[in-house]
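Quick look at start.txt (compact mmCIF, C-alpha atoms):
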```txt
# COMPACT_ATOMS: atom_id res chain seq x y z
CA MET S 10 22.86 -13.13 5.59
CA SER S 11 22.75 -14.06 9.26
CA GLN S 12 23.02 -11.21 11.76
CA THR S 13 25.14 -11.41 14.89
CA SER S 14 23.47 -8.90 17.21
CA THR S 15 21.61 -9.94 20.34
CA ALA S 16 17.92 -10.71 19.88
CA THR S 17 15.60 -7.83 20.72
CA LYS S 18 12.73 -8.43 23.12
CA LEU S 19 9.62 -7.02 21.51
CA ASN S 20 6.62 -5.57 23.31
CA VAL S 21 3.59 -6.10 21.06
CA ARG S 22 0.47 -4.13 22.03
CA PRO S 23 -2.69 -4.67 19.94
CA ALA S 24 -4.08 -1.43 18.52
CA ALA S 25 -7.67 -2.54 17.83
CA GLY S 26 -9.92 -5.58 17.93
CA TYR S 27 -9.13 -6.97 14.47
CA ILE S 28 -6.02 -5.22 13.19
CA GLY S 29 -2.86 -3.38 14.14
CA ALA S 30 -0.25 -3.54 16.89
CA TYR S 31 2.22 -1.11 18.44
CA ILE S 32 5.75 -2.48 18.70
CA ASP S 33 7.95 -1.19 21.53
CA GLY S 34 11.46 -2.06 22.63
CA ILE S 35 13.20 -2.03 19.26
CA ASP S 36 15.52 0.25 17.29
CA LEU S 37 14.94 -0.31 13.57
CA LYS S 38 18.35 1.22 12.77
CA ALA S 39 20.10 -1.55 14.71
CA ASP S 40 21.70 -4.63 13.18
CA LEU S 41 18.75 -6.85 14.04
CA ASP S 42 19.30 -10.59 14.10
CA ASP S 43 17.31 -13.09 12.07
CA ALA S 44 15.25 -14.19 15.09
CA THR S 45 14.02 -10.64 15.67
CA ILE S 46 13.13 -10.17 12.01
CA GLU S 47 11.22 -13.45 12.08
CA GLU S 48 9.39 -12.35 15.24
CA LEU S 49 8.40 -9.13 13.48
CA ARG S 50 7.28 -11.08 10.42
CA GLN S 51 5.04 -13.34 12.53
CA ALA S 52 3.63 -10.32 14.36
CA LEU S 53 2.84 -8.80 10.97
CA TYR S 54 1.01 -11.93 9.82
CA THR S 55 -1.01 -11.90 13.03
CA HIS S 56 -1.82 -8.19 13.29
CA LYS S 57 -1.57 -7.20 9.57
CA ALA S 58 -0.14 -3.73 10.40
CA LEU S 59 2.64 -2.77 12.84
CA PHE S 60 3.30 0.70 14.25
CA PHE S 61 6.55 2.06 15.68
CA ARG S 62 7.35 5.39 17.35
CA ASP S 63 10.59 7.41 17.56
CA GLN S 64 12.33 5.59 14.72
CA HIS S 65 14.40 8.34 13.11
CA LEU S 66 15.70 6.43 10.11
CA ASP S 67 17.41 7.93 7.09
CA HIS S 68 16.97 6.59 3.56
CA ALA S 69 19.80 4.07 3.86
CA SER S 70 18.62 2.57 7.16
CA HIS S 71 15.01 2.53 5.92
CA VAL S 72 16.04 0.51 2.85
CA ALA S 73 18.32 -1.75 4.88
CA PHE S 74 15.52 -2.67 7.30
CA ALA S 75 12.87 -3.17 4.63
CA GLN S 76 15.17 -5.41 2.56
CA ARG S 77 15.22 -7.92 5.42
CA PHE S 78 11.65 -8.80 4.42
CA GLY S 79 12.28 -9.29 0.71
CA PRO S 80 13.51 -7.64 -2.50
CA LEU S 81 12.29 -4.04 -2.79
CA ALA S 82 10.46 -2.71 -5.84
CA VAL S 83 11.51 0.35 -7.80
CA ARG S 84 9.43 3.41 -6.86
CA ALA S 85 6.12 3.99 -8.61
CA ARG S 86 6.83 7.54 -9.84
CA ILE S 87 9.77 9.35 -11.40
CA GLN S 88 11.29 11.49 -8.63
CA ASP S 89 14.61 12.69 -9.96
CA THR S 90 16.16 14.56 -7.06
CA GLU S 91 19.69 14.57 -5.71
CA GLU S 92 18.42 13.11 -2.44
CA LEU S 93 16.43 10.23 -3.96
CA ASN S 94 18.56 9.25 -6.96
CA PRO S 95 20.68 6.81 -4.89
CA PHE S 96 17.52 5.19 -3.52
CA PRO S 97 15.23 4.07 -6.38
CA GLN S 98 13.31 1.92 -3.87
CA ILE S 99 11.98 4.99 -1.99
CA LEU S 100 8.84 6.86 -3.00
CA THR S 101 8.52 10.22 -1.27
CA ILE S 102 4.91 11.25 -0.65
CA SER S 103 4.87 15.00 -0.11
CA PRO S 104 2.72 17.88 -1.39
CA GLN S 105 5.80 20.08 -1.31
CA LEU S 106 7.84 17.68 -3.47
CA ASP S 107 4.99 17.12 -5.93
CA LYS S 108 4.57 20.86 -6.39
CA LYS S 109 8.30 21.24 -6.94
CA LEU S 110 8.55 18.39 -9.46
CA VAL S 111 5.24 18.56 -11.36
CA GLY S 112 3.60 21.78 -10.24
CA ALA S 113 0.66 20.39 -8.25
CA ASP S 114 -0.24 18.32 -5.20
CA TYR S 115 -1.57 15.34 -7.11
CA GLU S 116 -2.64 13.39 -4.03
CA ALA S 117 -4.97 16.31 -3.27
CA VAL S 118 -6.19 16.35 -6.88
CA PHE S 119 -7.09 12.66 -6.67
CA ARG S 120 -8.88 13.12 -3.35
CA SER S 121 -10.91 16.03 -4.72
CA LYS S 122 -12.21 13.84 -7.56
CA TRP S 123 -13.28 10.76 -5.58
CA VAL S 124 -16.60 9.36 -6.77
CA SER S 125 -17.70 8.22 -3.30
CA SER S 126 -16.88 8.73 0.35
CA ILE S 127 -14.92 5.44 0.45
CA SER S 128 -13.05 5.88 -2.84
CA GLY S 129 -9.73 6.39 -1.07
CA TRP S 130 -9.56 2.89 0.39
CA HIS S 131 -6.99 0.95 -1.60
CA VAL S 132 -4.54 -1.91 -1.80
CA ASP S 133 -1.24 -0.49 -3.04
CA ALA S 134 -0.76 -0.98 -6.79
CA SER S 135 -3.41 -3.65 -7.19
CA GLN S 136 -3.54 -2.71 -10.88
CA VAL S 137 -0.20 -4.53 -11.18
CA VAL S 138 -0.12 -8.30 -11.69
CA ASN S 139 2.14 -8.73 -8.63
CA PRO S 140 1.15 -5.98 -6.17
CA PRO S 141 3.57 -5.22 -3.32
CA ALA S 142 3.64 -7.80 -0.54
CA ILE S 143 4.80 -5.68 2.42
CA ALA S 144 4.96 -1.88 2.65
CA PHE S 145 7.11 0.31 4.92
CA LEU S 146 6.16 3.96 5.50
CA ARG S 147 8.03 6.47 7.63
CA ALA S 148 7.12 9.98 8.66
CA ASP S 149 9.85 12.56 8.22
CA ALA S 150 7.80 15.73 8.79
CA VAL S 151 4.06 15.98 9.50
CA PRO S 152 1.61 18.68 10.61
CA PRO S 153 0.82 18.73 14.35
CA PHE S 154 -2.57 17.12 13.67
CA GLY S 155 -4.48 15.54 10.78
CA GLY S 156 -3.36 13.17 8.05
CA ASP S 157 -3.93 9.94 9.98
CA THR S 158 -3.92 6.64 8.08
CA HIS S 159 -6.56 3.93 8.49
CA TRP S 160 -6.08 0.22 7.81
CA THR S 161 -8.66 -2.54 7.46
CA ASN S 162 -8.27 -6.30 7.87
CA LEU S 163 -9.35 -7.97 4.61
CA VAL S 164 -9.21 -11.44 6.18
CA ALA S 165 -11.67 -10.43 8.89
CA ALA S 166 -13.86 -8.74 6.28
CA TYR S 167 -13.99 -11.95 4.23
CA GLU S 168 -14.75 -14.04 7.30
CA GLY S 169 -17.53 -11.63 8.28
CA LEU S 170 -19.48 -12.46 5.13
CA SER S 171 -22.13 -15.19 5.15
CA GLU S 172 -21.19 -18.61 3.86
CA PRO S 173 -23.34 -18.35 0.67
CA ILE S 174 -21.63 -15.06 -0.26
CA ARG S 175 -18.18 -16.49 0.48
CA ASN S 176 -18.93 -19.54 -1.66
CA MET S 177 -20.02 -17.30 -4.55
CA ILE S 178 -17.07 -14.91 -4.51
CA ASP S 179 -14.43 -17.63 -4.04
CA GLY S 180 -14.60 -18.29 -7.78
CA LEU S 181 -14.87 -14.71 -9.10
CA GLN S 182 -12.27 -12.51 -10.78
CA ALA S 183 -12.13 -8.71 -11.11
CA LEU S 184 -10.38 -6.13 -13.27
CA HIS S 185 -8.07 -3.69 -11.45
CA THR S 186 -6.99 -0.39 -13.01
CA PHE S 187 -5.76 2.93 -11.63
CA TRP S 188 -8.83 5.10 -12.21
CA PRO S 189 -12.14 3.57 -10.95
CA ALA S 190 -12.32 5.88 -7.93
CA GLN S 191 -11.75 9.24 -9.63
CA GLN S 192 -13.51 11.22 -12.33
CA LEU S 193 -10.86 13.51 -13.77
CA ASP S 194 -11.70 16.07 -16.45
CA PRO S 195 -9.16 16.16 -19.30
CA ARG S 196 -10.29 19.72 -20.11
CA ASN S 197 -8.82 20.86 -16.79
CA PRO S 198 -5.04 21.38 -17.31
CA VAL S 199 -4.05 20.05 -13.88
CA GLU S 200 -6.31 17.00 -14.16
CA LYS S 201 -5.17 16.39 -17.74
CA LYS S 202 -1.57 16.38 -16.52
CA ALA S 203 -2.50 13.84 -13.85
CA LEU S 204 -4.13 11.61 -16.46
CA ASP S 205 -1.11 11.86 -18.72
CA MET S 206 1.35 11.36 -15.86
CA ILE S 207 -0.29 8.22 -14.46
CA GLY S 208 -1.86 6.91 -17.65
CA ASN S 209 -3.38 3.44 -17.58
CA GLU S 210 -0.26 1.47 -18.35
CA ARG S 211 -0.99 -1.35 -15.91
CA GLU S 212 -4.15 -3.42 -15.69
CA ALA S 213 -4.56 -6.83 -14.10
CA VAL S 214 -7.22 -9.42 -13.43
CA HIS S 215 -7.13 -10.74 -9.87
CA PRO S 216 -9.22 -13.21 -7.88
CA VAL S 217 -11.86 -11.47 -5.78
CA VAL S 218 -10.58 -13.60 -2.89
CA ARG S 219 -6.87 -14.37 -2.61
CA VAL S 220 -5.13 -16.98 -0.51
CA HIS S 221 -2.24 -15.57 1.51
CA PRO S 222 0.91 -17.42 0.39
CA GLU S 223 2.36 -17.61 3.92
CA THR S 224 -0.62 -18.02 6.26
CA GLY S 225 -3.13 -19.72 3.96
CA GLU S 226 -5.81 -17.22 5.07
CA LYS S 227 -8.47 -16.11 2.62
CA ALA S 228 -8.80 -12.36 2.17
CA LEU S 229 -11.04 -10.11 0.11
CA PHE S 230 -8.91 -8.77 -2.73
CA VAL S 231 -11.02 -5.93 -4.02
CA ASN S 232 -10.82 -2.26 -3.08
CA PRO S 233 -12.85 0.87 -3.89
CA SER S 234 -9.90 2.72 -5.41
CA ARG S 235 -8.66 0.21 -7.98
CA THR S 236 -11.29 -2.48 -8.65
CA ALA S 237 -13.26 -1.60 -11.78
CA ARG S 238 -15.62 -4.53 -12.35
CA ILE S 239 -16.20 -8.23 -11.80
CA LEU S 240 -15.68 -10.33 -14.89
CA GLY S 241 -18.56 -12.36 -16.31
CA MET S 242 -21.25 -10.10 -14.81
CA ASN S 243 -23.27 -7.33 -16.39
CA PRO S 244 -22.56 -3.81 -15.06
CA VAL S 245 -25.50 -3.76 -12.65
CA GLU S 246 -24.61 -7.13 -11.09
CA SER S 247 -20.95 -6.20 -10.85
CA ARG S 248 -21.70 -2.87 -9.19
CA ARG S 249 -24.06 -4.41 -6.64
CA ILE S 250 -21.62 -7.15 -5.65
CA LEU S 251 -18.66 -4.76 -5.44
CA ASP S 252 -20.67 -2.29 -3.36
CA LEU S 253 -21.55 -5.11 -0.95
CA LEU S 254 -17.89 -6.11 -0.63
CA PHE S 255 -16.66 -2.51 -0.35
CA GLU S 256 -19.17 -1.86 2.43
CA GLU S 257 -18.02 -4.97 4.25
CA LEU S 258 -14.29 -4.24 4.06
CA THR S 259 -14.72 -0.63 5.24
CA ARG S 260 -16.80 -1.50 8.31
CA PRO S 261 -15.26 0.35 11.29
CA GLN S 262 -14.92 -2.80 13.39
CA TYR S 263 -12.29 -4.20 11.01
CA THR S 264 -10.18 -1.03 11.05
CA CYS S 265 -7.61 0.87 13.08
CA ARG S 266 -6.27 4.43 12.80
CA PHE S 267 -2.69 5.62 13.26
CA ALA S 268 -1.75 9.22 14.05
CA TRP S 269 1.61 10.14 12.57
CA GLU S 270 4.42 11.88 14.40
CA PRO S 271 7.94 12.67 13.13
CA GLY S 272 9.86 9.39 13.40
CA SER S 273 6.77 7.18 13.21
CA PHE S 274 7.12 4.04 11.10
CA ALA S 275 4.43 1.66 9.86
CA VAL S 276 4.67 -1.76 8.23
CA TRP S 277 1.67 -3.49 6.69
CA ASP S 278 0.87 -6.64 4.76
CA ASN S 279 -0.51 -5.38 1.45
CA ARG S 280 -1.92 -8.84 0.70
CA SER S 281 -4.35 -8.83 3.62
CA THR S 282 -5.09 -5.14 4.24
CA ALA S 283 -6.38 -2.03 2.52
CA HIS S 284 -5.68 1.48 3.79
CA LEU S 285 -6.94 5.04 3.56
CA ALA S 286 -5.20 8.39 3.99
CA ALA S 287 -7.58 10.69 5.84
CA ALA S 288 -8.68 13.54 3.57
CA ASP S 289 -8.28 16.21 6.24
CA ILE S 290 -4.77 17.31 5.35
CA ASP S 291 -4.97 19.35 2.15
CA HIS S 292 -5.98 22.68 3.70
CA LEU S 293 -3.25 22.27 6.33
CA THR S 294 -0.49 21.88 3.75
CA GLU S 295 -1.93 24.83 1.84
CA GLU S 296 -1.51 26.83 5.05
CA GLY S 297 2.19 26.00 5.11
CA HIS S 298 2.40 22.82 7.19
CA VAL S 299 5.04 20.48 5.78
CA ARG S 300 4.32 16.78 5.20
CA ILE S 301 7.07 14.43 4.04
CA MET S 302 6.59 10.65 4.05
CA HIS S 303 8.82 7.96 2.54
CA ARG S 304 7.66 4.49 1.44
CA THR S 305 9.30 1.29 0.25
CA SER S 306 7.59 -1.98 -0.71
CA THR S 307 8.70 -5.54 -1.32
CA VAL S 308 8.06 -7.09 -4.72
CA GLY S 309 4.90 -9.13 -4.42
CA ASP S 310 3.89 -12.59 -5.52
CA ILE S 311 1.16 -13.17 -8.12
CA PRO S 312 -2.18 -13.65 -6.32
CA VAL S 313 -3.93 -17.01 -6.37
CA GLY S 314 -7.59 -17.60 -5.57
CA PRO S 315 -9.21 -20.41 -3.56
CA ASP S 316 -10.09 -22.17 -6.83
CA GLY S 317 -6.51 -21.99 -8.09
CA PHE S 318 -7.10 -19.04 -10.44
CA THR S 319 -3.86 -17.08 -10.88
CA SER S 320 -3.80 -13.35 -11.64
CA TYR S 321 -2.69 -12.17 -15.07
CA ALA S 322 -1.76 -8.81 -16.57
CA LEU S 323 -3.84 -7.19 -19.28
CA ALA S 324 -1.40 -4.32 -19.69
CA GLY S 325 1.91 -3.20 -18.28
CA VAL S 326 4.81 -4.92 -16.59
CA PRO S 327 5.20 -6.48 -13.13
CA LEU S 328 6.90 -4.80 -10.19
CA VAL S 329 10.64 -5.37 -10.28
CA GLU S 330 13.72 -4.64 -8.23
CA PRO S 331 15.88 -1.66 -9.25
CA LYS S 332 18.73 -2.51 -11.60
CA THR S 333 22.16 -2.73 -10.03
CA ASP S 334 25.59 -1.99 -11.49
CA SER S 335 26.15 -5.74 -11.88
CA ASP S 336 22.87 -6.02 -13.82
CA GLU S 337 24.06 -3.29 -16.19
CA ALA S 338 27.42 -5.03 -16.59
CA SER S 339 25.71 -8.34 -17.39
CA ALA S 340 23.50 -6.61 -19.96
CA GLN S 341 26.55 -5.05 -21.59
CA GLU S 342 28.24 -8.46 -21.77
CA ALA S 343 25.11 -10.01 -23.28
CA ARG S 344 25.12 -7.38 -26.00
```
Let me see the file written as structure tokens.
Amino acid sequence: MSQTSTATKLNVRPAAGYIGAYIDGIDLKADLDDATIEELRQALYTHKALFFRDQHLDHASHVAFAQRFGPLAVRARIQDTEELNPFPQILTISPQLDKKLVGADYEAVFRSKWVSSISGWHVDASQVVNPPAIAFLRADAVPPFGGDTHWTNLVAAYEGLSEPIRNMIDGLQALHTFWPAQQLDPRNPVEKKALDMIGNEREAVHPVVRVHPETGEKALFVNPSRTARILGMNPVESRRILDLLFEELTRPQYTCRFAWEPGSFAVWDNRSTAHLAAADIDHLTEEGHVRIMHRTSTVGDIPVGPDGFTSYALAGVPLVEPKTDSDEASAQEAR
């Protein structure tokens, strides 16, 4: 629906050499017109991740803004609270909430079981056949320091590879699951609960290189946290190639780092970036510092490789929008 407010003049300040930009001169709670949303969209395609300060949104305004970029997916975890029940699109990321709901800070559990120093780098939900396209994360409460997030430009990482390597990986596919980056012990009650809670209900095969559906750019589409193996290779070959690609996409020159403050808001293109939550926060939250973040994501398209290969699911269902009252009514009528 077309908006009637006056166009906002944006101030776009690059954050690093290959990725990220700070956006000034905008209030995300405002009734932004279509021209401003399109300007933000183009800035996102150029810079891959956008950062905003002093945007004190509530759940409703967060959802309203994010929906301007596409249909929002239902949250990835069950979080039945009075606050979140009206907003199935919002995933709250908080040690305090996790402890209240399931008795443990599971983000900290996962970080403690990483198999390598780069295991935390990930593309959101790449184990799903249609991973999120665009993600929106806001900081409600954060410690006074620590807990920064890093992003890396997967287009730049692909372009940084030599031509023979690019030619080889353009036709490869890889299996994505939830667990490649962690070694959890089912004999440990907390880790067993994590395994049971997450399970392995979604698995997908994706191209190692995907073509962005809007820009046509080629991007690496593997990540240390979710990519298990390359199909058609023996384990040694697969591991060597993945290690090469993981090293390339985590090179510091392709990255930027964002320090969170209350009211900070970040938007990133999940099709052309990977990100990492710095593992320097767990002892701070144990000491009583509160951290509350809220995320929404648009439903993604199914990735396509340079050779035309299209991703497919091995297990689980695609991301979908939350059901509405009208959906329920239609289902009742159909029955």
TODO: Go through S:Phe96, S:Tyr115, S:Tyr167, S:Phe267 and flag the residue nearest S:Ala82, using only C-alpha atoms for the distances.
DONE: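 Looking only at the distances to S:Ala82, the closest residue turns out to be S:Phe96.
Considering the residues S:Met206, S:Phe74, S:Ala25, S:Ala283 and counting all atoms listed in the file, S:Ile87 has its shortest atom-to-atom contact with S:Met206.
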Correct to one decimal, the distance atom CA of S:Val72-atom CA of S:Val329 is 15.4 Å
- Message: Report as an NGL selection string all protein, DNA and RNA residues lying within 12 Å of S:Leu49, evaluated on all atoms listed in the file, omitting residues in the same chain fewer than 5 positions from it.
- Response: :S and (16-21 or 30-35 or 37 or 41-44 or 54-61 or 74-75 or 77-78 or 276-278)
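Proximity of S:Pro140, S:Pro95, S:Gly309, S:Pro198 to S:Gly112, computed with only C-alpha atoms, is greatest for S:Pro198.
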query: Which one of S:Lys108, S:Lys332, S:Arg238, S:His159 sits closest to S:Arg266 if you count all atoms listed in the file?
result: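 Comparing S:Lys108, S:Lys332, S:Arg238, S:His159 against S:Arg266, the winner is S:His159.
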| message | Report, in Å with one decimal, the straight-line distance from atom CA of S:Phe145 to atom CA of S:Gln192. | response |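 Interatomic distance, atom CA of S:Phe145 to atom CA of S:Gln192: 29.0 Å.
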**OP:** Pick out the residues sitting within 9 Å of S:Ile207, and hand them over as a PyMOL selection string; count only C-alpha atoms, and ignore anything fewer than 4 positions along from it in its own chain.
**Re:** chain S and resi 86+187+202-203
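Among the candidates S:Asp252, S:Asp89, S:Glu270, S:Glu330, the residue lying nearest to S:Gln64 is S:Glu270 (atoms considered: all atoms listed in the file).
Each of S:Glu91, S:Glu256, S:Glu212, S:Glu246 was checked against S:Leu163 using all atoms listed in the file; the smallest atom-to-atom distance is that of S:Glu256.
Around S:Gly314, within 6 Å and counting only C-alpha atoms, the residues found are Pro216, Val218, Arg219 and Val220 of chain S, once anything fewer than 6 positions away on its own chain is removed.
Distance-wise, atom CA of S:Gly156 and atom CA of S:Trp269 end up 7.4 Å apart.
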Q) If you count only C-alpha atoms, which residues fall within 9 Å of S:Ala117, apart from same-chain ones fewer than 6 positions away, as a PyMOL selection string? A) chain S and resi 104+288+290-291
Pick out the residues sitting within 10 Å of S:Thr264, and hand them over as a list of chain:residue names; count all atoms listed in the file, and ignore anything fewer than 3 positions along from it in its own chain.
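What passes the distance filter is S:Ala24, S:Ala25, S:Gly26, S:Tyr27, S:Ile28, S:Gly29, S:His159, S:Trp160, S:Thr161, S:Asn162, S:Leu163, S:Ala165, S:Ala166, S:Leu258, S:Thr259, S:Arg260, S:Pro261, S:Thr282, S:Ala283, S:His284.
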Would you give the centre and edge lengths, in Å to one decimal, of a box along x, y and z around the listed atoms of stretch 183-199 of chain S, with 4 Å added to each side, as AutoDock Vina command-line options?
```
--center_x -8.8 --center_y 6.3 --center_z -14.0 --size_x 17.5 --size_y 38.1 --size_z 20.2
```
Within 6 Å of stretch 125-130 of chain S, which residues of stretch 221-285 of chain S come that close, and what is the closest atom pair and distance in Å for each? Count only C-alpha atoms and give it as a tab-separated table.
```
residue	atom	partner	partner_atom	distance
S:Pro233	CA	S:Ser128	CA	5.1
S:Ser234	CA	S:Ser128	CA	5.1
S:His284	CA	S:Trp130	CA	5.3
S:Leu285	CA	S:Trp130	CA	4.6
```
